Amino acid sequence: MQTRSLDDDVATSSDEQLNIRIAWYYYITDMTQQQIADRFGITRVRVNKALATSRETGVVQIRINSKLASCIKLEYELEQLYGLSRVTVVPTPEDDRFIFRVLGVGVAPYIHDQVFDGCTLAVGWGRTLRQAVRETRGRSLPNMTVLSLLGGLHYGSANNTAEIASSFASLFGGSYYYLAAPVYASSDEYRDMILAEASVQDVLGKARDADIALVTVGDLTKRSLMIELGLVSPEDAKTLKAAGAVGDLLGHYLNKDGEEVDHPLNRRVIALDLEDLKRVRKVVLVSGGPYKADIIRAVLLRNFVHELVIDEATAERLVSRQPRK
């Protein structure tokens with residue numbers, strides 16, 4: 001077993017403080033990386049690494065207030081095609097590994113501006129929402145409540161439902177609730193038993209009356225977090241595709257028309273019923289990547305999403321195909 005000494009803690013604290021000072025001088029005083037390196041007697045490589053660390057850990061958060069004309073055009077078209085009240089389109093990164101970051105930057109101002117003291121924010125899970133947490137500026141809303149919309153993992157993970165809910169609550173000094181259950185029960189009967197629990201019904205009841213629901217979607221490619229974490233096996237993925245599924249929303253697998261497919265996983269999922277999302281005052285879908293275009297379109301066809309945050313390339317795919325009336 002490894003042990004830490006007081007000197008280790010001091011060293012770590014010193015590194016963190018240096019990273020923050022570097023970020024301050026770079027973003028606030030507009031000093032160049034070379035000027036900062038000279039000031040602290042370090043290399044530019046060390047400065048660059050500190051800036052990257054500050055972005056990744058959320059010490060530095062970016063809010064972009066200017067928009068591209070091409071994105072504005074897509075926003076209007078999506079609003080008209082899918083009957084949405086608001087759409088935010090962000091530029092698609094050249095490297096798709098950064099798709100979660102740009103979506104997080106895109107939705108963060110909305111979260112900060114729309115939540116209020118006493119509101120209830122219901123959240124899904126995944127890498128996009130984890131990044132949204134990192135990009136969102138917190139403020140004091142002690143009477144705010146955050147809750148999970150679906151079950152989670154049995155171990156700690158930054159992508160887990162409980163961690164997403166607790167992280168959002170921490171940003172605003174509010175309280176949070178989560179479903180103490182797995183995403184998928186081992187059987188239909190066990191799912192029914194879990195859903196009958198008073199604590200589960202309490203969280204789901206609060207979710208139905210939420211002011212804002214912040215959700216994302218999953219696909220059925222190898223990029224899928226469900227598949228990566230083993231919640232959906234390769235055989236499950238194969239049979240889901242055979243049943244017509246194009247991806248999931250809150251663990252519910254849908255076909256291209258937005259209908260839930262006939263599959264055992266849909267009968268074992270522990271999450272808010274999708275029809276109950278219609279009771280939420282405002283449902284915000286934040287998701288992107290062209291490989292998710294089919295599932296995003298499927299969800300929009302269900303007509304319970306009010307606002308959308310999406311990347312430019314995926315938005316172009318959506319407007320290229322007219323939704324069915």
# chains A, B, ... in the order shown; residues from 1 in each chain; ligands from 1

call {"tool": "residues_around", "arguments": {"residues": "stretch 208-213 of chain A", "least_positions_apart": "3", "cutoff": "7 Å", "atoms": "only C-alpha atoms", "output": "list in words"}}
result
Cys119, Thr120, Leu121, Ala122, Val123, Leu204, Gly205, Asp276, Leu277, Arg279, Val280, Arg281, Lys282, Val283 and Val284 of chain A

call {"tool": "residues_around", "arguments": {"residues": "stretch 21-35 of chain A", "least_positions_apart": "4", "cutoff": "9 Å", "atoms": "only C-alpha atoms", "output": "JSON, numbers by chain"}}
result
{"A": [16, 17, 39, 40, 43, 44, 45, 47, 48, 50, 51, 54, 59, 60]}

call {"tool": "write_last_selection", "arguments": {"atoms": "all heavy atoms", "output": "short mmCIF file (atom, residue, chain, number, x, y, z; two decimals), in the first residue's frame"}}
result
data_model
loop_
_atom_site.label_atom_id
_atom_site.label_comp_id
_atom_site.auth_asym_id
_atom_site.auth_seq_id
_atom_site.Cartn_x
_atom_site.Cartn_y
_atom_site.Cartn_z
N GLU A 16 -0.76 22.77 -8.12
CA GLU A 16 -2.10 23.28 -8.43
C GLU A 16 -2.12 24.80 -8.41
O GLU A 16 -2.73 25.44 -9.28
CB GLU A 16 -3.11 22.72 -7.44
CG GLU A 16 -3.35 21.22 -7.59
CD GLU A 16 -4.23 20.65 -6.51
OE1 GLU A 16 -4.53 21.40 -5.56
OE2 GLU A 16 -4.62 19.48 -6.61
N GLN A 17 -1.44 25.38 -7.42
CA GLN A 17 -1.41 26.83 -7.33
C GLN A 17 -0.68 27.44 -8.52
O GLN A 17 -1.10 28.48 -9.06
CB GLN A 17 -0.74 27.26 -6.03
CG GLN A 17 -1.56 26.96 -4.79
CD GLN A 17 -0.93 27.56 -3.54
OE1 GLN A 17 -0.47 28.70 -3.56
NE2 GLN A 17 -0.89 26.78 -2.47
N ARG A 39 8.47 34.57 -16.49
CA ARG A 39 8.11 35.09 -15.17
C ARG A 39 8.35 34.06 -14.08
O ARG A 39 8.84 34.39 -12.99
CB ARG A 39 6.64 35.53 -15.17
CG ARG A 39 6.19 36.10 -13.82
CD ARG A 39 4.71 36.46 -13.85
NE ARG A 39 4.29 37.02 -12.58
CZ ARG A 39 4.38 38.30 -12.24
NH1 ARG A 39 4.87 39.17 -13.11
NH2 ARG A 39 3.97 38.73 -11.07
N PHE A 40 7.99 32.81 -14.37
CA PHE A 40 8.10 31.76 -13.34
C PHE A 40 9.36 30.90 -13.48
O PHE A 40 9.57 29.97 -12.70
CB PHE A 40 6.87 30.86 -13.38
CG PHE A 40 5.60 31.54 -12.92
CD1 PHE A 40 4.64 31.93 -13.84
CD2 PHE A 40 5.39 31.82 -11.58
CE1 PHE A 40 3.46 32.57 -13.43
CE2 PHE A 40 4.24 32.45 -11.15
CZ PHE A 40 3.27 32.84 -12.08
N THR A 43 9.60 26.23 -18.46
CA THR A 43 9.57 26.12 -19.91
C THR A 43 8.18 26.41 -20.47
O THR A 43 7.18 26.32 -19.74
CB THR A 43 9.98 24.70 -20.36
OG1 THR A 43 9.00 23.76 -19.89
CG2 THR A 43 11.35 24.34 -19.79
N ARG A 44 8.10 26.71 -21.76
CA ARG A 44 6.80 26.91 -22.40
C ARG A 44 5.99 25.61 -22.40
O ARG A 44 4.77 25.65 -22.36
CB ARG A 44 6.99 27.40 -23.83
CG ARG A 44 7.36 28.87 -23.93
CD ARG A 44 7.30 29.35 -25.36
NE ARG A 44 5.96 29.21 -25.93
CZ ARG A 44 5.67 29.50 -27.19
NH1 ARG A 44 6.62 29.92 -28.02
NH2 ARG A 44 4.43 29.38 -27.64
N VAL A 45 6.69 24.49 -22.45
CA VAL A 45 6.00 23.19 -22.41
C VAL A 45 5.25 23.05 -21.09
O VAL A 45 4.10 22.59 -21.05
CB VAL A 45 7.00 22.03 -22.58
CG1 VAL A 45 6.30 20.69 -22.34
CG2 VAL A 45 7.61 22.07 -23.97
N VAL A 47 4.15 25.52 -19.24
CA VAL A 47 3.02 26.47 -19.29
C VAL A 47 1.87 25.87 -20.08
O VAL A 47 0.71 25.91 -19.66
CB VAL A 47 3.46 27.81 -19.92
CG1 VAL A 47 2.26 28.72 -20.14
CG2 VAL A 47 4.50 28.49 -19.03
N ASN A 48 2.17 25.30 -21.24
CA ASN A 48 1.14 24.71 -22.09
C ASN A 48 0.44 23.56 -21.37
O ASN A 48 -0.80 23.43 -21.44
CB ASN A 48 1.78 24.21 -23.39
CG ASN A 48 0.75 23.79 -24.41
OD1 ASN A 48 0.35 22.62 -24.44
ND2 ASN A 48 0.34 24.72 -25.24
N ALA A 50 0.11 23.22 -18.12
CA ALA A 50 -0.71 23.79 -17.05
C ALA A 50 -2.03 24.31 -17.59
O ALA A 50 -3.08 24.12 -16.98
CB ALA A 50 0.06 24.91 -16.35
N LEU A 51 -2.00 24.96 -18.74
CA LEU A 51 -3.22 25.49 -19.34
C LEU A 51 -4.17 24.36 -19.74
O LEU A 51 -5.38 24.45 -19.54
CB LEU A 51 -2.89 26.36 -20.55
CG LEU A 51 -2.13 27.65 -20.25
CD1 LEU A 51 -1.68 28.32 -21.55
CD2 LEU A 51 -2.98 28.61 -19.42
N SER A 54 -5.76 22.95 -16.58
CA SER A 54 -6.79 23.85 -16.06
C SER A 54 -8.09 23.74 -16.84
O SER A 54 -9.18 23.83 -16.28
CB SER A 54 -6.28 25.30 -16.09
OG SER A 54 -5.20 25.47 -15.21
N VAL A 59 -10.98 24.23 -14.03
CA VAL A 59 -10.51 25.46 -13.39
C VAL A 59 -10.76 26.65 -14.31
O VAL A 59 -11.17 27.72 -13.89
CB VAL A 59 -9.01 25.35 -13.04
CG1 VAL A 59 -8.45 26.71 -12.61
CG2 VAL A 59 -8.80 24.32 -11.93
N VAL A 60 -10.52 26.44 -15.61
CA VAL A 60 -10.80 27.45 -16.61
C VAL A 60 -11.99 26.98 -17.43
O VAL A 60 -12.01 25.86 -17.94
CB VAL A 60 -9.58 27.66 -17.54
CG1 VAL A 60 -9.95 28.55 -18.72
CG2 VAL A 60 -8.43 28.27 -16.76
#

call {"tool": "select_by_dssp", "arguments": {"residues": "stretch 65-210 of chain A", "states": "strand (DSSP E)", "output": "list in words"}}
result
Arg86, Val87, Thr88, Val89, Val90, Thr120, Leu121, Ala122, Val123, Thr145, Val146, Leu147, Ser148, Ser175, Tyr176 and Tyr177 of chain A

call {"tool": "write_last_selection", "arguments": {"atoms": "N, CA, C and O atoms", "output": "short mmCIF file (atom, residue, chain, number, x, y, z; two decimals), in the first residue's frame"}}
result
data_model
loop_
_atom_site.label_atom_id
_atom_site.label_comp_id
_atom_site.auth_asym_id
_atom_site.auth_seq_id
_atom_site.Cartn_x
_atom_site.Cartn_y
_atom_site.Cartn_z
N ARG A 86 -35.99 26.38 -29.08
CA ARG A 86 -34.65 26.97 -29.11
C ARG A 86 -33.64 25.91 -29.51
O ARG A 86 -33.70 24.78 -29.04
N VAL A 87 -32.70 26.29 -30.40
CA VAL A 87 -31.62 25.39 -30.82
C VAL A 87 -30.30 26.14 -30.74
O VAL A 87 -30.22 27.31 -31.14
N THR A 88 -29.29 25.48 -30.23
CA THR A 88 -27.93 26.03 -30.22
C THR A 88 -27.04 25.09 -31.02
O THR A 88 -26.95 23.90 -30.70
N VAL A 89 -26.43 25.60 -32.08
CA VAL A 89 -25.53 24.81 -32.91
C VAL A 89 -24.11 25.29 -32.70
O VAL A 89 -23.83 26.50 -32.83
N VAL A 90 -23.21 24.38 -32.36
CA VAL A 90 -21.80 24.73 -32.14
C VAL A 90 -20.95 24.10 -33.24
O VAL A 90 -21.33 23.07 -33.80
N THR A 120 -35.98 22.49 -9.90
CA THR A 120 -35.59 21.09 -9.91
C THR A 120 -35.01 20.77 -11.28
O THR A 120 -35.68 20.95 -12.31
N LEU A 121 -33.76 20.35 -11.28
CA LEU A 121 -33.05 19.98 -12.51
C LEU A 121 -32.90 18.46 -12.53
O LEU A 121 -32.27 17.89 -11.64
N ALA A 122 -33.47 17.80 -13.53
CA ALA A 122 -33.35 16.35 -13.68
C ALA A 122 -32.32 16.07 -14.77
O ALA A 122 -32.37 16.69 -15.84
N VAL A 123 -31.39 15.16 -14.52
CA VAL A 123 -30.29 14.94 -15.45
C VAL A 123 -30.12 13.47 -15.81
O VAL A 123 -30.43 12.58 -15.03
N THR A 145 -32.69 21.69 -6.48
CA THR A 145 -32.64 20.24 -6.34
C THR A 145 -32.23 19.63 -7.68
O THR A 145 -32.75 20.00 -8.73
N VAL A 146 -31.29 18.70 -7.62
CA VAL A 146 -30.86 17.97 -8.81
C VAL A 146 -31.14 16.49 -8.58
O VAL A 146 -30.90 15.97 -7.48
N LEU A 147 -31.65 15.82 -9.60
CA LEU A 147 -31.94 14.40 -9.43
C LEU A 147 -31.66 13.63 -10.71
O LEU A 147 -31.67 14.16 -11.81
N SER A 148 -31.37 12.34 -10.53
CA SER A 148 -31.06 11.45 -11.65
C SER A 148 -32.33 10.91 -12.29
O SER A 148 -33.31 10.64 -11.60
N SER A 175 -29.19 20.43 -3.27
CA SER A 175 -29.26 19.03 -2.85
C SER A 175 -29.49 18.14 -4.07
O SER A 175 -29.86 18.62 -5.14
N TYR A 176 -29.25 16.84 -3.90
CA TYR A 176 -29.45 15.95 -5.04
C TYR A 176 -30.01 14.60 -4.58
O TYR A 176 -29.84 14.18 -3.43
N TYR A 177 -30.69 13.95 -5.51
CA TYR A 177 -31.26 12.62 -5.28
C TYR A 177 -30.87 11.74 -6.47
O TYR A 177 -30.74 12.22 -7.59
#

call {"tool": "residues_around", "arguments": {"residues": "A:Tyr184", "least_positions_apart": "2", "cutoff": "8 Å", "atoms": "only C-alpha atoms", "output": "PyMOL selection string"}}
result
chain A and resi 151+182+186+191+231+265+268-270

call {"tool": "closest_residue", "arguments": {"among": "A:Asp236, A:Ala37, A:Leu84, A:Leu78", "to": "A:Asn303", "atoms": "only C-alpha atoms"}}
result
A:Leu84

call {"tool": "select_by_dssp", "arguments": {"residues": "stretch 98-304 of chain A", "states": "helix (DSSP H, G or I)", "output": "JSON, numbers by chain"}}
result
{"A": [98, 99, 100, 101, 102, 103, 104, 105, 106, 107, 108, 109, 110, 111, 112, 113, 114, 127, 128, 129, 130, 131, 132, 133, 134, 135, 161, 162, 163, 164, 165, 166, 167, 168, 169, 170, 171, 172, 188, 189, 190, 191, 192, 193, 194, 195, 196, 198, 199, 200, 201, 202, 203, 204, 205, 206, 207, 208, 225, 226, 227, 228, 234, 235, 236, 237, 238, 239, 240, 241, 242, 264, 265, 266, 267, 268, 274, 275, 276, 277, 278, 279, 290, 291, 292, 293, 294, 295, 296, 297, 298, 299, 300]}

call {"tool": "write_last_selection", "arguments": {"atoms": "C-alpha atoms", "output": "short mmCIF file (atom, residue, chain, number, x, y, z; two decimals), in the first residue's frame"}}
result
data_model
loop_
_atom_site.label_atom_id
_atom_site.label_comp_id
_atom_site.auth_asym_id
_atom_site.auth_seq_id
_atom_site.Cartn_x
_atom_site.Cartn_y
_atom_site.Cartn_z
CA PHE A 98 -13.46 16.70 -28.62
CA ILE A 99 -17.16 16.51 -29.48
CA PHE A 100 -18.12 16.21 -25.79
CA ARG A 101 -16.11 19.32 -24.91
CA VAL A 102 -17.66 21.55 -27.57
CA LEU A 103 -21.15 20.39 -26.64
CA GLY A 104 -20.36 21.05 -22.97
CA VAL A 105 -19.23 24.57 -23.86
CA GLY A 106 -22.40 25.02 -25.90
CA VAL A 107 -24.84 24.02 -23.16
CA ALA A 108 -23.02 25.50 -20.15
CA PRO A 109 -24.30 29.10 -20.57
CA TYR A 110 -27.85 27.77 -20.87
CA ILE A 111 -27.58 25.81 -17.63
CA HIS A 112 -26.10 28.77 -15.76
CA ASP A 113 -28.74 31.19 -17.03
CA GLN A 114 -31.87 29.00 -16.81
CA ARG A 127 -19.54 12.04 -21.16
CA THR A 128 -21.40 15.00 -22.64
CA LEU A 129 -23.06 15.88 -19.33
CA ARG A 130 -19.82 15.28 -17.44
CA GLN A 131 -18.21 17.88 -19.67
CA ALA A 132 -21.18 20.19 -19.21
CA VAL A 133 -20.52 20.11 -15.47
CA ARG A 134 -16.91 21.13 -16.05
CA GLU A 135 -17.87 24.03 -18.32
CA THR A 161 -25.68 9.10 -12.86
CA ALA A 162 -25.15 9.80 -9.15
CA GLU A 163 -21.86 11.63 -9.82
CA ILE A 164 -23.43 13.77 -12.55
CA ALA A 165 -26.30 14.75 -10.24
CA SER A 166 -24.05 15.43 -7.26
CA SER A 167 -21.61 17.47 -9.37
CA PHE A 168 -24.36 19.73 -10.68
CA ALA A 169 -25.73 20.13 -7.15
CA SER A 170 -22.26 21.08 -5.88
CA LEU A 171 -21.96 23.80 -8.52
CA PHE A 172 -25.00 25.55 -7.09
CA ASP A 188 -38.41 -8.07 -15.51
CA GLU A 189 -39.66 -9.13 -12.08
CA TYR A 190 -36.71 -7.59 -10.24
CA ARG A 191 -37.24 -4.33 -12.17
CA ASP A 192 -40.85 -4.23 -11.00
CA MET A 193 -39.72 -4.77 -7.40
CA ILE A 194 -37.19 -1.95 -7.61
CA LEU A 195 -39.67 0.45 -9.18
CA ALA A 196 -42.13 -0.32 -6.38
CA ALA A 198 -40.78 4.08 -2.00
CA SER A 199 -37.39 5.79 -2.45
CA VAL A 200 -37.40 5.08 -6.19
CA GLN A 201 -40.96 6.30 -6.58
CA ASP A 202 -40.04 9.46 -4.67
CA VAL A 203 -37.21 10.31 -7.10
CA LEU A 204 -39.29 9.48 -10.18
CA GLY A 205 -42.17 11.54 -8.82
CA LYS A 206 -39.88 14.54 -8.41
CA ALA A 207 -38.54 13.95 -11.93
CA ARG A 208 -42.01 14.12 -13.46
CA LEU A 225 -20.77 4.32 -23.32
CA MET A 226 -23.34 1.59 -22.61
CA ILE A 227 -21.29 -0.87 -24.67
CA GLU A 228 -17.94 0.40 -23.41
CA PRO A 234 -22.06 -7.21 -28.01
CA GLU A 235 -24.85 -9.77 -28.32
CA ASP A 236 -27.36 -7.26 -26.92
CA ALA A 237 -26.14 -4.67 -29.43
CA LYS A 238 -26.61 -7.18 -32.24
CA THR A 239 -30.16 -8.10 -31.21
CA LEU A 240 -31.07 -4.45 -30.59
CA LYS A 241 -30.04 -3.58 -34.14
CA ALA A 242 -32.00 -6.56 -35.43
CA PRO A 264 -35.58 -7.46 -23.13
CA LEU A 265 -33.45 -4.46 -22.15
CA ASN A 266 -36.40 -2.12 -22.59
CA ARG A 267 -38.37 -4.30 -20.19
CA ARG A 268 -35.56 -4.18 -17.59
CA LEU A 274 -40.29 8.41 -21.71
CA GLU A 275 -43.94 9.46 -21.80
CA ASP A 276 -43.39 11.06 -18.39
CA LEU A 277 -40.82 13.38 -19.97
CA LYS A 278 -43.79 15.21 -21.48
CA ARG A 279 -44.70 16.35 -17.96
CA PRO A 290 -22.80 12.50 -37.00
CA TYR A 291 -22.90 8.87 -35.84
CA LYS A 292 -25.71 9.91 -33.46
CA ALA A 293 -27.84 11.62 -36.09
CA ASP A 294 -30.36 8.76 -36.34
CA ILE A 295 -31.04 8.51 -32.60
CA ILE A 296 -31.19 12.31 -32.19
CA ARG A 297 -33.74 12.49 -35.00
CA ALA A 298 -35.71 9.61 -33.45
CA VAL A 299 -35.92 11.42 -30.11
CA LEU A 300 -36.97 14.69 -31.75
#

call {"tool": "atom_distance", "arguments": {"atom1": "atom CA of A:Gln61", "atom2": "atom CA of A:Tyr155"}}
result
28.0 Å

call {"tool": "closest_residue", "arguments": {"among": "A:Gly218, A:Gly174, A:Gly83, A:Gly152", "to": "A:Ser287", "atoms": "only C-alpha atoms"}}
result
A:Gly218

call {"tool": "residues_around", "arguments": {"residues": "A:Gly173", "least_positions_apart": "4", "cutoff": "8 Å", "atoms": "only C-alpha atoms", "output": "list in words"}}
result
Arg139, Ser140, Leu141, Pro142, Met144 and Ala169 of chain A

call {"tool": "closest_residue", "arguments": {"among": "A:Ala158, A:Lys49, A:Ile72, A:Glu79", "to": "A:Pro91", "atoms": "only C-alpha atoms"}}
result
A:Ile72

call {"tool": "closest_residue", "arguments": {"among": "A:Ala243, A:Leu214, A:Val183, A:Ala271", "to": "A:Gly230", "atoms": "only C-alpha atoms"}}
result
A:Val183

call {"tool": "atom_distance", "arguments": {"atom1": "atom CA of A:Asp262", "atom2": "atom CA of A:Leu179"}}
result
24.4 Å

call {"tool": "residues_around", "arguments": {"residues": "A:Leu285", "least_positions_apart": "6", "cutoff": "6 Å", "atoms": "only C-alpha atoms", "output": "PyMOL selection string"}}
result
chain A and resi 215-216+308
